[in-house]
$ cat upload-v6.csv   # CSV, C-alpha atoms and all ligand atoms
chain,number,residue,atom,x,y,z
A,8,MET,CA,34.0,-76.7,-52.0
A,9,PRO,CA,33.5,-72.9,-51.6
A,10,LYS,CA,36.2,-71.0,-49.8
A,11,ILE,CA,35.3,-70.1,-46.2
A,12,ASN,CA,36.7,-66.7,-45.1
A,13,LYS,CA,37.6,-66.7,-41.4
A,14,TYR,CA,37.4,-63.7,-39.1
A,15,GLN,CA,40.6,-61.9,-38.4
A,16,ASP,CA,41.0,-59.3,-35.6
A,17,ILE,CA,40.7,-56.0,-37.4
A,18,SER,CA,42.9,-54.2,-34.9
A,19,GLU,CA,45.7,-56.1,-36.6
A,20,VAL,CA,44.7,-54.9,-40.1
A,21,ASP,CA,46.2,-51.6,-41.4
A,22,ARG,CA,44.0,-50.7,-44.4
A,23,VAL,CA,40.5,-49.3,-43.5
A,24,ALA,CA,39.0,-50.9,-46.6
A,25,LYS,CA,40.2,-54.3,-45.5
A,26,LYS,CA,39.0,-53.8,-41.9
A,27,ASP,CA,35.6,-52.8,-43.4
A,28,LEU,CA,35.5,-55.9,-45.7
A,29,ILE,CA,36.3,-58.3,-42.9
A,30,ASP,CA,34.2,-56.8,-40.2
A,31,ARG,CA,31.0,-56.3,-42.2
A,32,HIS,CA,31.0,-59.9,-43.4
A,33,SER,CA,31.8,-61.5,-40.0
A,34,PRO,CA,29.0,-63.0,-37.9
A,35,PHE,CA,29.4,-62.1,-34.2
A,36,ILE,CA,27.7,-64.4,-31.7
A,37,THR,CA,26.1,-62.9,-28.5
A,38,CYS,CA,24.7,-65.3,-25.8
A,39,GLU,CA,25.1,-66.3,-22.2
A,40,ASN,CA,28.1,-68.6,-21.5
A,41,VAL,CA,26.0,-71.0,-19.5
A,42,ALA,CA,22.8,-72.7,-20.8
A,43,LYS,CA,20.4,-75.1,-19.0
A,44,ILE,CA,19.8,-78.6,-20.5
A,45,ASN,CA,16.4,-79.0,-22.2
A,46,GLU,CA,15.5,-75.3,-21.9
A,47,PRO,CA,15.3,-72.7,-24.6
A,48,PHE,CA,18.5,-70.7,-25.1
A,49,GLU,CA,18.8,-67.6,-27.2
A,50,VAL,CA,21.8,-67.0,-29.5
A,51,LYS,CA,22.0,-63.7,-31.3
A,52,VAL,CA,24.1,-63.4,-34.5
A,53,THR,CA,25.0,-59.9,-35.7
A,54,MET,CA,26.7,-59.4,-39.0
A,55,GLY,CA,29.5,-56.8,-38.5
A,56,ASN,CA,30.6,-55.1,-35.3
A,57,GLU,CA,32.0,-51.8,-36.4
A,58,PHE,CA,31.0,-51.7,-40.0
A,59,THR,CA,27.6,-52.2,-41.7
A,60,HIS,CA,26.8,-54.2,-44.8
A,61,PRO,CA,24.7,-53.1,-47.9
A,62,ASP,CA,21.3,-54.5,-48.6
A,63,ASP,CA,21.2,-53.9,-52.3
A,64,PHE,CA,19.5,-56.1,-54.9
A,65,ASP,CA,22.8,-57.4,-56.2
A,66,HIS,CA,24.7,-57.4,-52.9
A,67,TYR,CA,23.2,-58.4,-49.6
A,68,ILE,CA,23.5,-60.9,-46.7
A,69,GLU,CA,21.5,-63.9,-48.1
A,70,SER,CA,21.8,-66.2,-45.0
A,71,VAL,CA,23.1,-66.6,-41.5
A,72,THR,CA,23.8,-70.2,-40.3
A,73,LEU,CA,24.4,-71.4,-36.8
A,74,PHE,CA,26.4,-74.6,-36.1
A,75,ASP,CA,27.3,-76.6,-33.0
A,76,GLY,CA,30.7,-77.8,-34.0
A,77,GLU,CA,30.1,-79.5,-37.3
A,78,THR,CA,26.4,-79.9,-36.8
A,79,LYS,CA,24.1,-77.4,-38.5
A,80,LEU,CA,21.5,-76.1,-36.0
A,81,ALA,CA,19.6,-73.4,-37.9
A,82,GLN,CA,19.6,-71.1,-40.8
A,83,ALA,CA,17.9,-67.8,-41.5
A,84,THR,CA,17.5,-66.6,-45.1
A,85,TYR,CA,16.9,-63.1,-46.3
A,86,VAL,CA,15.9,-61.4,-49.5
A,87,PRO,CA,17.2,-58.0,-50.6
A,88,GLY,CA,15.1,-55.2,-49.2
A,89,THR,CA,14.3,-56.8,-45.9
A,90,LEU,CA,16.7,-54.3,-44.3
A,91,GLY,CA,15.4,-51.4,-46.3
A,92,ASN,CA,18.1,-51.4,-49.0
A,93,ILE,CA,20.3,-49.5,-46.6
A,94,LYS,CA,23.6,-50.4,-44.9
A,95,ALA,CA,22.8,-52.1,-41.6
A,96,HIS,CA,23.8,-54.9,-39.2
A,97,ASN,CA,21.8,-58.0,-40.2
A,98,THR,CA,20.8,-59.4,-36.9
A,99,THR,CA,19.2,-62.8,-36.3
A,100,THR,CA,18.2,-64.4,-32.9
A,101,PHE,CA,18.0,-68.2,-32.9
A,102,THR,CA,16.3,-70.1,-30.1
A,103,ILE,CA,17.8,-73.6,-29.5
A,104,ILE,CA,17.3,-76.2,-26.8
A,105,PRO,CA,20.6,-77.8,-25.8
A,106,THR,CA,20.6,-81.5,-24.9
A,107,GLY,CA,24.3,-82.2,-24.4
A,108,LYS,CA,27.0,-81.1,-22.0
A,109,LYS,CA,28.4,-78.1,-24.0
A,110,LEU,CA,27.9,-76.2,-27.2
A,111,ASN,CA,30.6,-75.0,-29.5
A,112,LEU,CA,28.7,-72.4,-31.4
A,113,VAL,CA,30.0,-71.2,-34.8
A,114,ALA,CA,28.2,-68.9,-37.2
A,115,HIS,CA,28.5,-68.4,-41.0
A,116,GLY,CA,27.2,-65.5,-43.0
A,117,TYR,CA,26.7,-65.6,-46.7
A,118,CYS,CA,27.1,-62.4,-48.8
A,119,THR,CA,25.9,-62.7,-52.4
A,120,LYS,CA,29.0,-60.9,-53.6
A,121,HIS,CA,31.7,-61.9,-51.1
A,122,GLY,CA,30.9,-65.5,-50.2
A,123,ILE,CA,30.9,-67.4,-46.9
A,124,TRP,CA,32.4,-65.9,-43.7
A,125,GLU,CA,33.0,-67.6,-40.4
A,126,GLY,CA,33.1,-65.8,-37.1
A,127,THR,CA,34.9,-66.7,-33.9
A,128,SER,CA,33.4,-69.8,-32.1
A,129,VAL,CA,31.8,-69.5,-28.7
A,130,GLU,CA,31.8,-72.2,-26.0
A,131,VAL,CA,28.7,-72.6,-23.8
A,132,VAL,CA,28.6,-74.9,-20.8
A,133,VAL,CA,25.2,-76.7,-20.5
A,134,GLU,CA,24.2,-77.2,-16.9
A,135,GLN,CA,22.6,-80.7,-16.4
B,1,FE,FE,29.4,-58.2,-49.2
$ encode --input "upload-v6.csv" --output "structure tokens" --more "lines below"
Ligand SMILES: [Fe+2]
Amino acid sequence: MPKINKYQDISEVDRVAKKDLIDRHSPFITCENVAKINEPFEVKVTMGNEFTHPDDFDHYIESVTLFDGETKLAQATYVPGTLGNIKAHNTTTFTIIPTGKKLNLVAHGYCTKHGIWEGTSVEVVVEQ
């Protein structure tokens, strides 16, 4: 099993290099906190909040995956150069249609050099 690096609040980290490493690899979920059952619902995942990640041929964000709890919902894959080979925030918007009572959204980002990173989960209430 590959190691899954978990997000850590960077305000509690002293070294700038470590803040940068954690932040630029962490997926941040942005969405409404209430969804409607059986209706399209947008979930945006942004890699990095304060720090941007390279898009080099040997070092880039290869995929962003969205889960509801332990269930994989969707995955976007990238090739190097999609983000212009410059440091940027990889941003993906997924559109899902919830069918249950709540969502427990969790995102993973995969860097070709630094592995899998998991962000903070987000709870969404699904109105029936
Ligand atoms: Fe990386």
$ residues_around --input "upload-v6.csv" --residues "region 64-80 of chain A" --least-positions-apart "4" --cutoff "6 Å" --atoms "all atoms listed in the file" --output "list of chain:residue names"
A:Thr84, A:Tyr85, A:Pro87, A:Leu110, A:Asn111, A:Leu112, A:Val113, A:Ala114, A:His115, A:Gly116, A:Tyr117, A:Cys118, A:Thr119, A:Lys120
$ residues_near_point --input "upload-v6.csv" --point "(25.6, -74.0, -23.0)" --cutoff "12 Å" --atoms "all atoms listed in the file" --output "MDAnalysis selection string"
chainID A and resid 38:50 75 103:112 129:135
$ residues_around --input "upload-v6.csv" --residues "Asn97 (chain A)" --least-positions-apart "2" --cutoff "7 Å" --atoms "only C-alpha atoms" --output "ChimeraX atom specification"
/A:53-54,95,99
$ atom_distance --input "upload-v6.csv" --atom1 "CA of Ala24 (chain A)" --atom2 "CA of Gln82 (chain A)"
28.6 Å
$ residues_around --input "upload-v6.csv" --residues "Thr59 (chain A)" --least-positions-apart "5" --cutoff "6 Å" --atoms "all atoms listed in the file" --output "count of residues only"
4
$ closest_residue --input "upload-v6.csv" --among "A:Gln15, A:Phe58, A:Lys51, A:His121" --to "Asp27 (chain A)" --atoms "all atoms listed in the file"
A:Phe58
$ closest_residue --input "upload-v6.csv" --among "A:Ile36, A:Leu28, A:Val20, A:Met8" --to "Gly126 (chain A)" --atoms "all atoms listed in the file"
A:Ile36
$ residues_around --input "upload-v6.csv" --residues "Ile17 (chain A)" --least-positions-apart "2" --cutoff "10 Å" --atoms "all atoms listed in the file" --output "short mmCIF file (atom, residue, chain, number, x, y, z; two decimals) with C-alpha atoms, in the frame of the given file"
data_model
loop_
_atom_site.label_atom_id
_atom_site.label_comp_id
_atom_site.auth_asym_id
_atom_site.auth_seq_id
_atom_site.Cartn_x
_atom_site.Cartn_y
_atom_site.Cartn_z
CA TYR A 14 37.40 -63.70 -39.10
CA GLN A 15 40.60 -61.90 -38.40
CA GLU A 19 45.70 -56.10 -36.60
CA VAL A 20 44.70 -54.90 -40.10
CA ASP A 21 46.20 -51.60 -41.40
CA ARG A 22 44.00 -50.70 -44.40
CA VAL A 23 40.50 -49.30 -43.50
CA LYS A 25 40.20 -54.30 -45.50
CA LYS A 26 39.00 -53.80 -41.90
CA ASP A 27 35.60 -52.80 -43.40
CA LEU A 28 35.50 -55.90 -45.70
CA ILE A 29 36.30 -58.30 -42.90
CA ASP A 30 34.20 -56.80 -40.20
CA GLU A 57 32.00 -51.80 -36.40
#
$ closest_residue --input "upload-v6.csv" --among "A:Thr102, A:Ala81, A:Thr127, A:Gly55" --to "ligand FE 1 (chain B)" --atoms "all atoms listed in the file"
A:Gly55
$ residues_around --input "upload-v6.csv" --residues "Ile93 (chain A)" --least-positions-apart "3" --cutoff "7 Å" --atoms "only C-alpha atoms" --output "list in words"
Pro61, Asp62 and Leu90 of chain A
$ atom_distance --input "upload-v6.csv" --atom1 "CA of Asp63 (chain A)" --atom2 "CA of Asp16 (chain A)"
26.5 Å
$ atom_distance --input "upload-v6.csv" --atom1 "CA of Ile123 (chain A)" --atom2 "CA of Pro9 (chain A)"
7.7 Å
$ closest_residue --input "upload-v6.csv" --among "A:Gly91, A:Thr98, A:Gly122, A:Ser18" --to "ligand FE 1 (chain B)" --atoms "all atoms listed in the file"
A:Gly122
$ closest_residue --input "upload-v6.csv" --among "A:His60, A:Val86, A:Asn92, A:Asn12" --to "ligand FE 1 (chain B)" --atoms "only C-alpha atoms and all ligand atoms"
A:His60
$ closest_residue --input "upload-v6.csv" --among "A:Ser128, A:Ser33, A:Asn56, A:Thr89" --to "ligand FE 1 (chain B)" --atoms "all atoms listed in the file"
A:Ser33
$ decode --input "upload-v6.csv" --residues "region 47-92 of chain A" --atoms "N, CA and C atoms" --output "mmCIF file, in the first residue's frame"
data_model
loop_
_atom_site.group_PDB
_atom_site.id
_atom_site.type_symbol
_atom_site.label_atom_id
_atom_site.label_comp_id
_atom_site.auth_asym_id
_atom_site.auth_seq_id
_atom_site.Cartn_x
_atom_site.Cartn_y
_atom_site.Cartn_z
ATOM 1 N N PRO A 47 -27.621 17.936 -9.968
ATOM 2 C CA PRO A 47 -26.174 18.137 -10.135
ATOM 3 C C PRO A 47 -25.603 19.049 -9.044
ATOM 4 N N PHE A 48 -24.430 18.685 -8.565
ATOM 5 C CA PHE A 48 -23.779 19.391 -7.473
ATOM 6 C C PHE A 48 -22.299 19.534 -7.826
ATOM 7 N N GLU A 49 -21.810 20.773 -7.790
ATOM 8 C CA GLU A 49 -20.419 21.021 -8.181
ATOM 9 C C GLU A 49 -19.479 20.992 -6.990
ATOM 10 N N VAL A 50 -18.381 20.302 -7.179
ATOM 11 C CA VAL A 50 -17.338 20.208 -6.158
ATOM 12 C C VAL A 50 -16.024 20.615 -6.818
ATOM 13 N N LYS A 51 -15.435 21.685 -6.322
ATOM 14 C CA LYS A 51 -14.157 22.154 -6.881
ATOM 15 C C LYS A 51 -13.016 21.684 -5.996
ATOM 16 N N VAL A 52 -11.980 21.159 -6.607
ATOM 17 C CA VAL A 52 -10.790 20.733 -5.859
ATOM 18 C C VAL A 52 -9.599 21.529 -6.390
ATOM 19 N N THR A 53 -8.961 22.256 -5.491
ATOM 20 C CA THR A 53 -7.797 23.073 -5.840
ATOM 21 C C THR A 53 -6.575 22.533 -5.120
ATOM 22 N N MET A 54 -5.529 22.273 -5.876
ATOM 23 C CA MET A 54 -4.287 21.791 -5.262
ATOM 24 C C MET A 54 -3.497 22.998 -4.766
ATOM 25 N N GLY A 55 -3.297 23.047 -3.461
ATOM 26 C CA GLY A 55 -2.545 24.150 -2.855
ATOM 27 C C GLY A 55 -3.446 25.335 -2.584
ATOM 28 N N ASN A 56 -3.222 25.953 -1.451
ATOM 29 C CA ASN A 56 -3.972 27.139 -1.058
ATOM 30 C C ASN A 56 -3.076 28.368 -1.159
ATOM 31 N N GLU A 57 -1.939 28.318 -0.480
ATOM 32 C CA GLU A 57 -1.013 29.450 -0.486
ATOM 33 C C GLU A 57 0.167 29.237 -1.428
ATOM 34 N N PHE A 58 0.470 27.973 -1.728
ATOM 35 C CA PHE A 58 1.662 27.671 -2.526
ATOM 36 C C PHE A 58 1.265 26.908 -3.794
ATOM 37 N N THR A 59 1.948 27.198 -4.889
ATOM 38 C CA THR A 59 1.652 26.551 -6.170
ATOM 39 C C THR A 59 2.621 25.393 -6.424
ATOM 40 N N HIS A 60 2.190 24.473 -7.294
ATOM 41 C CA HIS A 60 2.965 23.266 -7.593
ATOM 42 C C HIS A 60 3.541 23.346 -9.007
ATOM 43 N N PRO A 61 4.749 22.798 -9.222
ATOM 44 C CA PRO A 61 5.317 22.789 -10.581
ATOM 45 C C PRO A 61 4.496 21.928 -11.536
ATOM 46 N N ASP A 62 4.668 22.180 -12.819
ATOM 47 C CA ASP A 62 4.062 21.377 -13.890
ATOM 48 C C ASP A 62 5.188 21.002 -14.860
ATOM 49 N N ASP A 63 6.220 20.350 -14.316
ATOM 50 C CA ASP A 63 7.388 19.957 -15.113
ATOM 51 C C ASP A 63 7.205 18.533 -15.636
ATOM 52 N N PHE A 64 7.987 18.165 -16.631
ATOM 53 C CA PHE A 64 7.831 16.838 -17.224
ATOM 54 C C PHE A 64 8.139 15.718 -16.236
ATOM 55 N N ASP A 65 9.023 15.981 -15.283
ATOM 56 C CA ASP A 65 9.350 14.941 -14.305
ATOM 57 C C ASP A 65 8.722 15.204 -12.930
ATOM 58 N N HIS A 66 7.854 16.201 -12.846
ATOM 59 C CA HIS A 66 7.264 16.550 -11.548
ATOM 60 C C HIS A 66 5.993 17.363 -11.762
ATOM 61 N N TYR A 67 4.858 16.688 -11.644
ATOM 62 C CA TYR A 67 3.582 17.378 -11.851
ATOM 63 C C TYR A 67 2.469 16.666 -11.087
ATOM 64 N N ILE A 68 1.310 17.310 -11.008
ATOM 65 C CA ILE A 68 0.138 16.684 -10.389
ATOM 66 C C ILE A 68 -0.499 15.806 -11.459
ATOM 67 N N GLU A 69 -0.425 14.497 -11.270
ATOM 68 C CA GLU A 69 -0.885 13.544 -12.300
ATOM 69 C C GLU A 69 -2.379 13.273 -12.186
ATOM 70 N N SER A 70 -2.927 13.317 -10.964
ATOM 71 C CA SER A 70 -4.363 13.061 -10.843
ATOM 72 C C SER A 70 -4.949 13.689 -9.587
ATOM 73 N N VAL A 71 -6.241 13.925 -9.669
ATOM 74 C CA VAL A 71 -7.029 14.422 -8.536
ATOM 75 C C VAL A 71 -8.241 13.500 -8.444
ATOM 76 N N THR A 72 -8.464 12.947 -7.263
ATOM 77 C CA THR A 72 -9.524 11.954 -7.074
ATOM 78 C C THR A 72 -10.472 12.426 -5.985
ATOM 79 N N LEU A 73 -11.760 12.242 -6.234
ATOM 80 C CA LEU A 73 -12.786 12.636 -5.258
ATOM 81 C C LEU A 73 -13.493 11.390 -4.732
ATOM 82 N N PHE A 74 -13.620 11.316 -3.407
ATOM 83 C CA PHE A 74 -14.295 10.197 -2.749
ATOM 84 C C PHE A 74 -15.477 10.707 -1.936
ATOM 85 N N ASP A 75 -16.482 9.819 -1.773
ATOM 86 C CA ASP A 75 -17.525 10.014 -0.755
ATOM 87 C C ASP A 75 -17.251 8.924 0.268
ATOM 88 N N GLY A 76 -16.638 9.309 1.391
ATOM 89 C CA GLY A 76 -16.185 8.300 2.343
ATOM 90 C C GLY A 76 -15.168 7.399 1.673
ATOM 91 N N GLU A 77 -15.436 6.106 1.630
ATOM 92 C CA GLU A 77 -14.492 5.176 1.013
ATOM 93 C C GLU A 77 -14.840 4.873 -0.444
ATOM 94 N N THR A 78 -15.908 5.494 -0.951
ATOM 95 C CA THR A 78 -16.327 5.242 -2.327
ATOM 96 C C THR A 78 -15.715 6.267 -3.268
ATOM 97 N N LYS A 79 -15.004 5.772 -4.274
ATOM 98 C CA LYS A 79 -14.427 6.676 -5.279
ATOM 99 C C LYS A 79 -15.537 7.181 -6.196
ATOM 100 N N LEU A 80 -15.623 8.504 -6.351
ATOM 101 C CA LEU A 80 -16.658 9.102 -7.205
ATOM 102 C C LEU A 80 -16.128 9.469 -8.577
ATOM 103 N N ALA A 81 -14.939 10.041 -8.620
ATOM 104 C CA ALA A 81 -14.433 10.553 -9.891
ATOM 105 C C ALA A 81 -12.940 10.802 -9.787
ATOM 106 N N GLN A 82 -12.294 10.808 -10.957
ATOM 107 C CA GLN A 82 -10.863 11.100 -11.003
ATOM 108 C C GLN A 82 -10.558 11.869 -12.284
ATOM 109 N N ALA A 83 -9.754 12.903 -12.148
ATOM 110 C CA ALA A 83 -9.268 13.645 -13.315
ATOM 111 C C ALA A 83 -7.785 13.372 -13.440
ATOM 112 N N THR A 84 -7.318 13.098 -14.663
ATOM 113 C CA THR A 84 -5.885 12.876 -14.858
ATOM 114 C C THR A 84 -5.312 13.962 -15.761
ATOM 115 N N TYR A 85 -4.048 14.248 -15.541
ATOM 116 C CA TYR A 85 -3.360 15.315 -16.256
ATOM 117 C C TYR A 85 -2.051 14.795 -16.833
ATOM 118 N N VAL A 86 -1.613 15.431 -17.880
ATOM 119 C CA VAL A 86 -0.276 15.171 -18.410
ATOM 120 C C VAL A 86 0.558 16.432 -18.168
ATOM 121 N N PRO A 87 1.887 16.297 -18.112
ATOM 122 C CA PRO A 87 2.697 17.495 -17.880
ATOM 123 C C PRO A 87 2.544 18.454 -19.052
ATOM 124 N N GLY A 88 2.453 19.732 -18.743
ATOM 125 C CA GLY A 88 2.308 20.740 -19.789
ATOM 126 C C GLY A 88 0.895 21.275 -19.905
ATOM 127 N N THR A 89 -0.081 20.543 -19.342
ATOM 128 C CA THR A 89 -1.468 21.030 -19.380
ATOM 129 C C THR A 89 -1.557 22.394 -18.705
ATOM 130 N N LEU A 90 -0.761 22.570 -17.656
ATOM 131 C CA LEU A 90 -0.765 23.855 -16.944
ATOM 132 C C LEU A 90 0.413 24.723 -17.369
ATOM 133 N N GLY A 91 0.866 24.534 -18.605
ATOM 134 C CA GLY A 91 1.850 25.433 -19.194
ATOM 135 C C GLY A 91 3.271 25.275 -18.688
ATOM 136 N N ASN A 92 3.562 24.164 -18.019
ATOM 137 C CA ASN A 92 4.898 23.940 -17.424
ATOM 138 C C ASN A 92 5.294 25.043 -16.446
#
